[in-house]
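Engineer: Here you go, start-v8.tsv (TSV, C-alpha atoms):
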chain	number	residue	atom	x	y	z
A	56	MET	CA	8.77	-40.59	20.93
A	57	LYS	CA	10.43	-37.38	19.76
A	58	LYS	CA	8.17	-34.36	19.37
A	59	VAL	CA	8.72	-32.89	15.92
A	60	ILE	CA	7.14	-29.98	14.06
A	61	LEU	CA	6.99	-29.58	10.27
A	62	THR	CA	5.48	-26.49	8.70
A	63	GLY	CA	6.20	-24.11	5.83
A	64	ASP	CA	5.04	-21.76	3.08
A	65	ARG	CA	5.06	-21.54	-0.70
A	66	PRO	CA	7.48	-18.86	-1.96
A	67	THR	CA	5.11	-17.11	-4.35
A	68	GLY	CA	5.48	-13.69	-2.75
A	69	ARG	CA	6.35	-11.92	0.48
A	70	LEU	CA	4.44	-13.12	3.52
A	71	HIS	CA	1.52	-11.09	4.86
A	72	VAL	CA	-0.25	-10.58	8.19
A	73	GLY	CA	-2.59	-13.49	7.38
A	74	HIS	CA	0.44	-15.81	7.41
A	75	TYR	CA	1.67	-14.14	10.58
A	76	ALA	CA	-1.60	-14.41	12.50
A	77	GLY	CA	-2.47	-17.84	11.11
A	78	SER	CA	0.80	-19.66	11.67
A	79	LEU	CA	4.05	-17.66	11.94
A	80	LYS	CA	3.27	-16.19	15.36
A	81	GLU	CA	2.32	-19.65	16.62
A	82	ARG	CA	5.51	-21.18	15.17
A	83	VAL	CA	7.70	-18.72	17.04
A	84	LYS	CA	5.79	-19.48	20.25
A	85	LEU	CA	6.19	-23.24	19.73
A	86	GLN	CA	9.86	-22.83	18.79
A	87	ASN	CA	10.54	-20.96	22.03
A	88	SER	CA	8.41	-23.24	24.22
A	89	GLY	CA	11.20	-25.82	24.57
A	90	GLU	CA	8.59	-28.59	24.17
A	91	TYR	CA	9.80	-29.86	20.79
A	92	ASP	CA	12.91	-31.86	19.94
A	93	ASP	CA	13.09	-30.76	16.30
A	94	ILE	CA	11.40	-28.03	14.27
A	95	TYR	CA	11.56	-28.07	10.46
A	96	ILE	CA	10.33	-25.06	8.48
A	97	MET	CA	10.12	-25.62	4.77
A	98	ILE	CA	10.17	-23.11	1.91
A	99	ALA	CA	7.95	-25.13	-0.43
A	100	ASP	CA	9.40	-24.09	-3.79
A	101	ALA	CA	8.68	-27.43	-5.52
A	102	GLN	CA	5.03	-27.11	-4.49
A	103	ALA	CA	4.98	-23.50	-5.72
A	104	LEU	CA	6.20	-24.68	-9.13
A	105	THR	CA	3.09	-26.87	-9.55
A	106	ASP	CA	1.15	-23.75	-10.62
A	107	ASN	CA	4.11	-21.56	-11.61
A	108	ALA	CA	6.00	-23.98	-13.89
A	109	GLU	CA	6.26	-21.37	-16.62
A	110	HIS	CA	7.52	-18.70	-14.22
A	111	PRO	CA	10.27	-20.35	-12.15
A	112	GLU	CA	11.94	-16.96	-11.68
A	113	LYS	CA	8.94	-15.85	-9.58
A	114	VAL	CA	9.52	-18.77	-7.21
A	115	ARG	CA	13.29	-18.31	-7.24
A	116	GLN	CA	13.07	-14.61	-6.38
A	117	ASN	CA	10.75	-15.25	-3.46
A	118	ILE	CA	12.80	-17.93	-1.67
A	119	LEU	CA	14.98	-15.28	-0.02
A	120	GLN	CA	11.93	-13.06	0.60
A	121	VAL	CA	10.20	-15.80	2.59
A	122	ALA	CA	13.42	-16.63	4.46
A	123	LEU	CA	13.77	-12.95	5.39
A	124	ASP	CA	10.17	-12.85	6.64
A	125	TYR	CA	10.81	-15.97	8.76
A	126	LEU	CA	13.91	-14.50	10.36
A	127	ALA	CA	12.21	-11.13	10.85
A	128	CYS	CA	9.29	-12.76	12.69
A	129	GLY	CA	11.62	-14.51	15.12
A	130	ILE	CA	12.27	-17.92	13.58
A	131	ASP	CA	15.70	-18.74	15.03
A	132	PRO	CA	18.01	-20.91	12.86
A	133	ASN	CA	19.65	-22.17	16.08
A	134	LYS	CA	16.31	-23.61	17.21
A	135	SER	CA	14.56	-24.35	13.90
A	136	THR	CA	15.81	-25.94	10.67
A	137	ILE	CA	14.83	-23.73	7.71
A	138	PHE	CA	15.23	-25.58	4.40
A	139	VAL	CA	14.33	-25.44	0.70
A	140	GLN	CA	12.01	-28.24	-0.45
A	141	SER	CA	13.52	-28.90	-3.89
A	142	MET	CA	16.95	-29.43	-2.33
A	143	ILE	CA	15.58	-32.63	-0.72
A	144	PRO	CA	15.03	-35.09	-3.63
A	145	GLU	CA	13.94	-37.77	-1.13
A	146	LEU	CA	10.62	-35.92	-0.82
A	147	THR	CA	9.89	-36.49	-4.51
A	148	GLU	CA	10.57	-40.21	-4.22
A	149	LEU	CA	8.30	-40.53	-1.18
A	150	THR	CA	5.55	-38.66	-3.05
A	151	PHE	CA	5.83	-41.13	-5.93
A	152	TYR	CA	5.37	-44.16	-3.63
A	153	TYR	CA	2.43	-42.53	-1.78
A	154	MET	CA	0.65	-41.78	-5.09
A	155	ASN	CA	-0.07	-45.50	-5.40
A	156	LEU	CA	-2.01	-45.42	-2.12
A	157	VAL	CA	-4.44	-42.62	-3.08
A	158	THR	CA	-7.25	-42.70	-5.65
A	159	VAL	CA	-7.98	-39.86	-8.08
A	160	SER	CA	-11.51	-39.49	-6.70
A	161	ARG	CA	-10.15	-39.10	-3.15
A	162	VAL	CA	-7.92	-36.19	-4.20
A	163	GLN	CA	-10.82	-34.66	-6.12
A	164	ARG	CA	-12.93	-34.70	-2.94
A	165	ASN	CA	-10.31	-32.77	-0.94
A	166	PRO	CA	-12.04	-29.41	-0.13
A	167	THR	CA	-8.73	-27.49	-0.08
A	168	VAL	CA	-7.80	-28.81	-3.54
A	169	LYS	CA	-11.31	-27.98	-4.83
A	170	ALA	CA	-11.08	-24.41	-3.52
A	171	GLU	CA	-7.55	-23.87	-4.86
A	172	ILE	CA	-8.49	-25.24	-8.32
A	173	GLN	CA	-11.45	-22.85	-8.46
A	174	MET	CA	-9.35	-19.90	-7.28
A	175	ARG	CA	-6.73	-20.51	-9.98
A	176	ASN	CA	-9.29	-21.23	-12.75
A	177	PHE	CA	-7.79	-24.68	-13.28
A	178	GLU	CA	-11.16	-26.41	-13.79
A	179	ALA	CA	-10.48	-27.10	-17.46
A	180	SER	CA	-6.82	-28.13	-17.24
A	181	ILE	CA	-5.28	-29.04	-13.88
A	182	PRO	CA	-1.51	-29.64	-13.88
A	183	VAL	CA	-0.94	-33.17	-12.50
A	184	GLY	CA	1.67	-31.83	-10.07
A	185	PHE	CA	-0.81	-29.34	-8.63
A	186	PHE	CA	-3.54	-31.97	-8.42
A	187	CYS	CA	-1.20	-34.22	-6.40
A	188	TYR	CA	0.03	-31.65	-3.93
A	189	PRO	CA	-1.86	-33.16	-0.93
A	190	ILE	CA	0.23	-36.29	-1.54
A	191	SER	CA	3.40	-34.23	-1.83
A	192	GLN	CA	2.47	-32.51	1.44
A	193	ALA	CA	2.06	-35.90	3.11
A	194	ALA	CA	5.59	-36.79	1.94
A	195	ASP	CA	6.93	-33.54	3.45
A	196	ILE	CA	5.25	-34.20	6.80
A	197	THR	CA	6.13	-37.88	7.10
A	198	ALA	CA	9.73	-37.48	5.84
A	199	PHE	CA	10.54	-35.61	9.04
A	200	ARG	CA	8.38	-37.84	11.26
A	201	ALA	CA	6.41	-34.76	12.27
A	202	THR	CA	4.17	-35.30	15.27
A	203	ALA	CA	2.67	-31.81	15.01
A	204	VAL	CA	1.86	-29.49	12.10
A	205	PRO	CA	0.88	-25.89	12.97
A	206	VAL	CA	-1.28	-24.57	10.11
A	207	GLY	CA	-4.31	-22.43	9.35
A	208	GLU	CA	-7.80	-23.92	9.41
A	209	ASP	CA	-7.95	-24.16	5.60
A	210	GLN	CA	-5.25	-26.86	5.73
A	211	LEU	CA	-7.29	-29.30	7.87
A	212	PRO	CA	-8.36	-31.41	4.85
A	213	MET	CA	-4.70	-31.75	3.82
A	214	LEU	CA	-3.78	-33.10	7.25
A	215	GLU	CA	-6.69	-35.55	7.12
A	216	GLN	CA	-5.43	-36.82	3.77
A	217	CYS	CA	-1.92	-37.16	5.19
A	218	LYS	CA	-3.26	-39.25	8.10
A	219	GLU	CA	-5.09	-41.51	5.62
A	220	ILE	CA	-1.85	-42.08	3.69
A	221	VAL	CA	0.00	-42.90	6.94
A	222	HIS	CA	-2.71	-45.43	7.92
A	223	LYS	CA	-2.77	-46.99	4.47
A	224	PHE	CA	1.02	-47.27	4.25
A	225	ASN	CA	1.35	-48.73	7.74
A	226	SER	CA	-1.46	-51.25	7.18
A	227	VAL	CA	0.01	-52.42	3.84
A	228	TYR	CA	3.73	-52.37	4.67
A	229	GLY	CA	3.90	-52.44	8.48
A	230	GLU	CA	4.31	-49.70	11.09
A	231	THR	CA	6.74	-47.23	9.52
A	232	LEU	CA	5.30	-43.72	9.29
A	233	THR	CA	4.38	-41.32	12.10
A	234	GLU	CA	0.86	-39.87	12.26
A	235	PRO	CA	0.82	-36.07	12.68
A	236	GLN	CA	-1.56	-33.94	14.74
A	237	ILE	CA	-2.70	-30.48	13.63
A	238	ILE	CA	-2.06	-27.40	15.78
A	239	LEU	CA	-4.50	-24.57	15.07
A	240	PRO	CA	-3.93	-21.00	16.30
A	241	SER	CA	-5.25	-20.60	19.85
A	242	ASN	CA	-6.88	-17.26	18.94
A	243	LYS	CA	-9.94	-18.11	16.80
A	244	ALA	CA	-9.74	-14.76	14.96
A	245	CYS	CA	-6.37	-15.88	13.61
A	246	LEU	CA	-7.74	-19.02	11.96
A	247	ARG	CA	-8.38	-17.15	8.74
A	248	LEU	CA	-7.84	-13.43	8.46
A	249	PRO	CA	-10.01	-11.88	5.72
A	250	GLY	CA	-8.59	-9.59	3.07
A	251	ILE	CA	-8.79	-5.82	3.57
A	252	ASP	CA	-11.52	-5.83	0.90
A	253	GLY	CA	-13.71	-8.13	3.02
A	254	LYS	CA	-13.07	-11.19	0.82
A	255	ALA	CA	-12.96	-14.43	2.80
A	256	LYS	CA	-9.24	-14.99	2.35
A	257	MET	CA	-6.26	-12.69	2.28
A	258	SER	CA	-4.46	-13.60	-0.91
A	259	LYS	CA	-1.41	-12.31	-2.75
A	260	SER	CA	-3.19	-12.90	-6.08
A	261	LEU	CA	-6.20	-10.79	-5.01
A	262	GLY	CA	-3.97	-7.93	-3.86
A	263	ASN	CA	-5.89	-7.57	-0.60
A	264	CYS	CA	-2.96	-8.16	1.79
A	265	ILE	CA	-0.98	-6.19	4.32
A	266	TYR	CA	2.58	-7.47	3.98
A	267	LEU	CA	4.90	-7.98	6.93
A	268	ALA	CA	7.57	-5.80	5.31
A	269	GLU	CA	5.10	-3.01	4.44
A	270	GLU	CA	6.21	0.58	5.13
A	271	PRO	CA	4.19	2.57	7.77
A	272	GLU	CA	2.46	4.85	5.25
A	273	ASP	CA	1.36	1.84	3.14
A	274	ILE	CA	-0.03	0.05	6.20
A	275	LYS	CA	-1.99	3.18	7.11
A	276	LYS	CA	-3.36	3.57	3.58
A	277	LYS	CA	-4.53	-0.05	3.52
A	278	VAL	CA	-6.07	0.03	7.01
A	279	MET	CA	-7.94	3.26	6.29
A	280	SER	CA	-9.34	1.76	3.06
A	281	MET	CA	-10.56	-1.42	4.76
A	282	PHE	CA	-14.02	-2.81	4.18
A	283	THR	CA	-16.33	-2.49	7.23
A	284	ASP	CA	-20.04	-2.96	7.92
A	285	PRO	CA	-21.69	-1.72	4.66
A	286	ASN	CA	-24.85	-0.70	6.60
A	287	HIS	CA	-22.95	1.49	9.05
A	288	LEU	CA	-23.43	4.60	6.95
A	289	ARG	CA	-23.67	7.31	9.60
A	290	VAL	CA	-21.82	7.62	12.92
A	291	GLU	CA	-25.06	7.26	14.88
A	292	ASP	CA	-26.05	4.01	13.13
A	293	PRO	CA	-25.58	0.76	15.08
A	294	GLY	CA	-22.72	-1.26	13.55
A	295	LYS	CA	-22.03	-4.97	13.17
A	296	VAL	CA	-18.78	-6.40	14.51
A	297	GLU	CA	-19.38	-10.00	13.32
A	298	GLY	CA	-17.77	-10.47	9.91
A	299	ASN	CA	-16.43	-6.91	10.00
A	300	PRO	CA	-12.76	-7.14	8.88
A	301	VAL	CA	-11.67	-4.19	11.05
A	302	PHE	CA	-12.91	-5.95	14.19
A	303	ILE	CA	-11.60	-9.35	13.06
A	304	TYR	CA	-8.13	-7.75	12.79
A	305	LEU	CA	-8.57	-6.18	16.23
A	306	ASP	CA	-9.55	-9.61	17.62
A	307	ALA	CA	-6.36	-11.03	16.12
A	308	PHE	CA	-3.87	-8.30	17.11
A	309	CYS	CA	-5.30	-6.00	19.77
A	310	ARG	CA	-4.35	-6.29	23.46
A	311	ASP	CA	-5.82	-4.39	26.44
A	312	GLU	CA	-2.58	-2.39	26.83
A	313	HIS	CA	-3.13	-0.92	23.34
A	314	PHE	CA	-6.13	0.98	24.77
A	315	ALA	CA	-4.04	2.51	27.55
A	316	GLU	CA	-1.50	3.60	24.94
A	317	PHE	CA	-3.63	4.66	21.96
A	318	TRP	CA	-7.28	5.11	23.02
A	319	ASN	CA	-7.93	5.43	26.72
A	320	ASP	CA	-11.66	6.10	26.23
A	321	TYR	CA	-11.97	2.31	26.48
A	322	SER	CA	-10.26	-0.28	28.66
A	323	CYS	CA	-10.73	-3.30	26.40
A	324	LEU	CA	-12.00	-4.47	23.02
A	325	ASP	CA	-15.38	-5.57	24.40
A	326	GLU	CA	-16.14	-1.96	25.45
A	327	LEU	CA	-15.21	-0.68	22.01
A	328	LYS	CA	-17.38	-3.32	20.32
A	329	ALA	CA	-20.35	-2.50	22.56
A	330	HIS	CA	-20.14	1.21	21.64
A	331	TYR	CA	-19.89	0.40	17.92
A	332	GLN	CA	-22.88	-1.96	18.14
A	333	ARG	CA	-25.15	0.54	19.85
A	334	GLY	CA	-24.15	3.37	17.47
A	335	GLY	CA	-22.34	6.66	17.93
A	336	LEU	CA	-18.89	5.49	16.84
A	337	GLY	CA	-17.51	6.14	13.37
A	338	ASP	CA	-15.44	3.73	11.31
A	339	VAL	CA	-12.60	6.23	10.82
A	340	LYS	CA	-11.86	6.35	14.56
A	341	VAL	CA	-11.81	2.56	14.82
A	342	LYS	CA	-9.54	2.29	11.77
A	343	LYS	CA	-7.14	4.87	13.22
A	344	PHE	CA	-6.89	2.74	16.35
A	345	LEU	CA	-6.36	-0.43	14.30
A	346	ASN	CA	-3.62	1.36	12.36
A	347	ASN	CA	-1.81	2.15	15.63
A	348	VAL	CA	-2.11	-1.48	16.72
A	349	MET	CA	-0.81	-2.82	13.38
A	350	GLN	CA	2.06	-0.32	13.29
A	351	GLU	CA	3.21	-1.42	16.74
A	352	GLU	CA	2.97	-5.10	15.83
A	353	LEU	CA	4.81	-4.79	12.51
A	354	HIS	CA	7.49	-2.22	13.40
A	355	PRO	CA	9.96	-4.67	15.07
A	356	ILE	CA	9.41	-7.24	12.30
A	357	ARG	CA	10.18	-4.66	9.61
A	358	GLU	CA	13.34	-3.46	11.44
A	359	ARG	CA	14.68	-7.01	11.92
A	360	ARG	CA	14.02	-7.73	8.26
A	361	LYS	CA	16.05	-4.69	7.17
A	362	GLU	CA	18.96	-5.91	9.31
A	363	TRP	CA	18.87	-9.34	7.67
A	364	GLU	CA	18.62	-7.73	4.20
A	365	ASN	CA	22.12	-6.35	4.83
A	366	HIS	CA	23.42	-9.90	5.42
A	367	LEU	CA	21.99	-11.91	2.50
A	368	PRO	CA	25.02	-14.27	2.25
A	369	ASP	CA	24.30	-15.27	5.89
A	370	VAL	CA	20.66	-15.98	4.95
A	371	LEU	CA	21.84	-18.18	2.08
A	372	ASP	CA	24.16	-20.06	4.47
A	373	ILE	CA	21.24	-20.66	6.85
A	374	LEU	CA	19.22	-22.17	3.97
A	375	LYS	CA	22.14	-24.32	2.77
A	376	GLU	CA	22.89	-25.66	6.25
A	377	GLY	CA	19.19	-26.24	7.01
A	378	SER	CA	18.70	-28.10	3.72
A	379	LYS	CA	21.70	-30.32	4.51
A	380	VAL	CA	20.25	-31.27	7.92
A	381	ALA	CA	16.78	-31.82	6.41
A	382	LYS	CA	18.19	-34.04	3.65
A	383	GLU	CA	19.86	-36.33	6.20
A	384	THR	CA	16.59	-36.74	8.13
A	385	ALA	CA	14.51	-37.37	4.99
A	386	ALA	CA	17.07	-39.90	3.68
A	387	LYS	CA	16.74	-41.94	6.89
A	388	THR	CA	12.92	-42.02	6.56
A	389	LEU	CA	13.17	-42.98	2.89
A	390	GLU	CA	15.52	-45.81	3.84
A	391	ASP	CA	12.90	-47.10	6.33
A	392	VAL	CA	10.13	-46.74	3.73
A	393	ARG	CA	12.11	-48.69	1.11
A	394	HIS	CA	12.89	-51.37	3.69
A	395	SER	CA	9.21	-51.71	4.67
A	396	MET	CA	8.21	-51.92	0.99
A	397	ARG	CA	11.01	-54.45	0.44
A	398	ILE	CA	12.49	-52.42	-2.42
A	399	ASP	CA	15.89	-51.96	-0.77
A	400	TYR	CA	17.13	-54.68	-3.14
A	401	PHE	CA	20.87	-54.06	-2.89
A	402	THR	CA	21.10	-53.41	0.84
A	403	ASP	CA	22.70	-56.52	2.36
A	404	ASN	CA	21.79	-58.37	-0.84
A	405	ASN	CA	18.12	-58.25	0.17
A	406	LEU	CA	17.02	-59.23	-3.33
A	407	LEU	CA	18.46	-62.70	-2.72
A	408	LYS	CA	16.55	-63.17	0.56
Could you render the structure from this file as C-alpha cells?
Structural biologist:
Amino acid sequence: MKKVILTGDRPTGRLHVGHYAGSLKERVKLQNSGEYDDIYIMIADAQALTDNAEHPEKVRQNILQVALDYLACGIDPNKSTIFVQSMIPELTELTFYYMNLVTVSRVQRNPTVKAEIQMRNFEASIPVGFFCYPISQAADITAFRATAVPVGEDQLPMLEQCKEIVHKFNSVYGETLTEPQIILPSNKACLRLPGIDGKAKMSKSLGNCIYLAEEPEDIKKKVMSMFTDPNHLRVEDPGKVEGNPVFIYLDAFCRDEHFAEFWNDYSCLDELKAHYQRGGLGDVKVKKFLNNVMQEELHPIRERRKEWENHLPDVLDILKEGSKVAKETAAKTLEDVRHSMRIDYFTDNNLLK
C-alpha cells in the first residue's frame, strides 16, 4: 500500500511558532525522509469559512500568507502537493455522504469541537458548517487515501472520529476507504506550545503568538514580555520550570550547541533548569537566552519568506498546479465511493443492473 500524508492549516492568519513546533517542522522532516509516496498539504479555506462566512476577505487574504509560510519553512512543491481546499469540490460531496454515517450526539461529544465552540462563543448559535467540520476533515483525509496525518495533540479526537467514519463506511458499503494513523511531534514540548501570556494555547485570536514572519525586534519584545513562574519574584528565589512557558519554549527549540554559542556558563538545558530550580537565576537572563535561540531558528524562515514574497505569481502557480493534482486524486476516490454506494447510476448503465 502507498504511504500517503495529508495535513494542512486554516488560512485565518499568518502561521506562528506553535504551528511550526507542532506540525510544520515535522512535515518538512517527513517530506525529506523519502519514506512517503505522496504528501498533500491543504490550505483549508472552506473549513475557515465555517466561522468566517461573513468575512470571506479575511480567508482570501490569508491563503497566500499561509502558502508563503509553508514555502519559507521548507515545504518543497517538488516533493509535496500544496492545494486549496475549496478548489476540490469532490471534498464537499464526500462530506455530504459521510454526514449520514455520524449522529449529532457523536459530533457534540467530540472534545475538540466542544473546546472550539467554547473558544468562539458559539454555544448559543453554532453554524452547521462549523459543527460538521470533523466530518469535513474526514473527507479531506480519506479523499487522498492518507495513511498518516501529522498533527498536534489537540487534533487526536478529530482523527478518532475520522477512523470511526472509515469503519462505518467500509462495514456498510464494503472495503473502500483507507484508515489513517496519527503522527504526533516526537518532541513532547512541541505537542502544544502555550501562548506567551501563559494561556494553554497559542492562538491568533488571543494575540499571544510569535509569528514565523515576525521581525527580530518584535520577537525580542514578545520573548521579554513572556509569562514565567509567578512565584519567582526575586533572583534568589527557587523557580519552577514545569508549566513555565519560557522553559517549554526552550524544550521545544533549544539545542546543546545554543549554549556553546550564546551562554557557555551551561552545557545543556538540564544544567540551566537545575540552576533556576535551586534559585539564583533571574528570568531576564533566561529570556535573553531564549530570544537568541528563537532569533536563530526564525531568521532563515523569515529570509526565505521575503524571497518568495518577491515571486507571488510563482506561489499562485504552485497553488494552481497543486490543486489540479489534488482534484484528480480526490475525483478517483469519489468515483470509488459512489461505486461502493451503488450511486454511480450512469456509469456502464449501472442503474439497469
Engineer: From the list A:Ile181, A:Phe199, A:Lys254, A:Ala76, which residue is nearest Val380 of chain A when using all atoms listed in the file?
Structural biologist: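 Of A:Ile181, A:Phe199, A:Lys254, A:Ala76, the one nearest Val380 of chain A is A:Phe199, counting all atoms listed in the file.
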Engineer: Interatomic distance between atom CA of Glu230 of chain A and atom CA of Thr197 of chain A?
Structural biologist: 12.6 Å
Engineer: Skipping near chain neighbours, those fewer than 5 positions away, what residues fall within 12 Å of Tyr321 of chain A using only C-alpha atoms, listed as a ChimeraX atom specification?
Structural biologist: /A:310-316,326-331,341,344
Engineer: Got time to write the residues from that selection, C-alpha atoms, as a short mmCIF file (atom, residue, chain, number, x, y, z; two decimals), in the frame of the given file?
Structural biologist:
data_model
loop_
_atom_site.label_atom_id
_atom_site.label_comp_id
_atom_site.auth_asym_id
_atom_site.auth_seq_id
_atom_site.Cartn_x
_atom_site.Cartn_y
_atom_site.Cartn_z
CA ARG A 310 -4.35 -6.29 23.46
CA ASP A 311 -5.82 -4.39 26.44
CA GLU A 312 -2.58 -2.39 26.83
CA HIS A 313 -3.13 -0.92 23.34
CA PHE A 314 -6.13 0.98 24.77
CA ALA A 315 -4.04 2.51 27.55
CA GLU A 316 -1.50 3.60 24.94
CA GLU A 326 -16.14 -1.96 25.45
CA LEU A 327 -15.21 -0.68 22.01
CA LYS A 328 -17.38 -3.32 20.32
CA ALA A 329 -20.35 -2.50 22.56
CA HIS A 330 -20.14 1.21 21.64
CA TYR A 331 -19.89 0.40 17.92
CA VAL A 341 -11.81 2.56 14.82
CA PHE A 344 -6.89 2.74 16.35
#
Engineer: Residues at most 12 Å from Leu126 of chain A, counting only C-alpha atoms, excluding those fewer than 4 positions away in the same chain, as a ChimeraX atom specification?
Structural biologist: /A:70,79-80,82-83,96,119-122,130-137,267-268,355-364,366-367,369-370,373-374
Engineer: Which is closer to Val227 of chain A than all the others in A:Thr202, A:Ser395, A:Thr402, A:Ser141, using only C-alpha atoms?
Structural biologist: A:Ser395
Engineer: Leaving out Gly253 of chain A and any residue of its chain fewer than 3 positions from it, which residues lie within 9 Å of it when counting all atoms listed in the file, given as a PyMOL selection string?
Structural biologist: chain A and resi 249-250+256-257+263+281-283+298-300
Engineer: Go through A:Leu288, A:Val348, A:Val296, A:Ser241 and flag the residue nearest Cys309 of chain A, using all atoms listed in the file for the distances.
Structural biologist: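 For Cys309 of chain A, the nearest of the given residues is A:Val348.
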Engineer: If you count all atoms listed in the file, which residues fall within 10 Å of segment 158-175 of chain A, apart from same-chain ones fewer than 6 positions away, as a PyMOL selection string?
Structural biologist: chain A and resi 106+181-182+185-190+209-213+215-216+260-261
Engineer: Keeping C-alpha atoms, export the residues of the selection given above as a short mmCIF file (atom, residue, chain, number, x, y, z; two decimals), in the coordinates of the input.
Structural biologist:
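The file below, selection-v8.cif, is the result:
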data_model
loop_
_atom_site.label_atom_id
_atom_site.label_comp_id
_atom_site.auth_asym_id
_atom_site.auth_seq_id
_atom_site.Cartn_x
_atom_site.Cartn_y
_atom_site.Cartn_z
CA ASP A 106 1.15 -23.75 -10.62
CA ILE A 181 -5.28 -29.04 -13.88
CA PRO A 182 -1.51 -29.64 -13.88
CA PHE A 185 -0.81 -29.34 -8.63
CA PHE A 186 -3.54 -31.97 -8.42
CA CYS A 187 -1.20 -34.22 -6.40
CA TYR A 188 0.03 -31.65 -3.93
CA PRO A 189 -1.86 -33.16 -0.93
CA ILE A 190 0.23 -36.29 -1.54
CA ASP A 209 -7.95 -24.16 5.60
CA GLN A 210 -5.25 -26.86 5.73
CA LEU A 211 -7.29 -29.30 7.87
CA PRO A 212 -8.36 -31.41 4.85
CA MET A 213 -4.70 -31.75 3.82
CA GLU A 215 -6.69 -35.55 7.12
CA GLN A 216 -5.43 -36.82 3.77
CA SER A 260 -3.19 -12.90 -6.08
CA LEU A 261 -6.20 -10.79 -5.01
#
Engineer: So, counting only C-alpha atoms, which residue among A:Glu90, A:Asp292, A:Asp64, A:Glu208 is closest to Ala103 of chain A?
Structural biologist: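 Looking at the shortest contact to Ala103 of chain A, the residue is A:Asp64.
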Engineer: Please, what distance in Å, to one decimal, runs between atom CA of Lys277 of chain A and atom CA of Ala127 of chain A?
Structural biologist: 21.4 Å
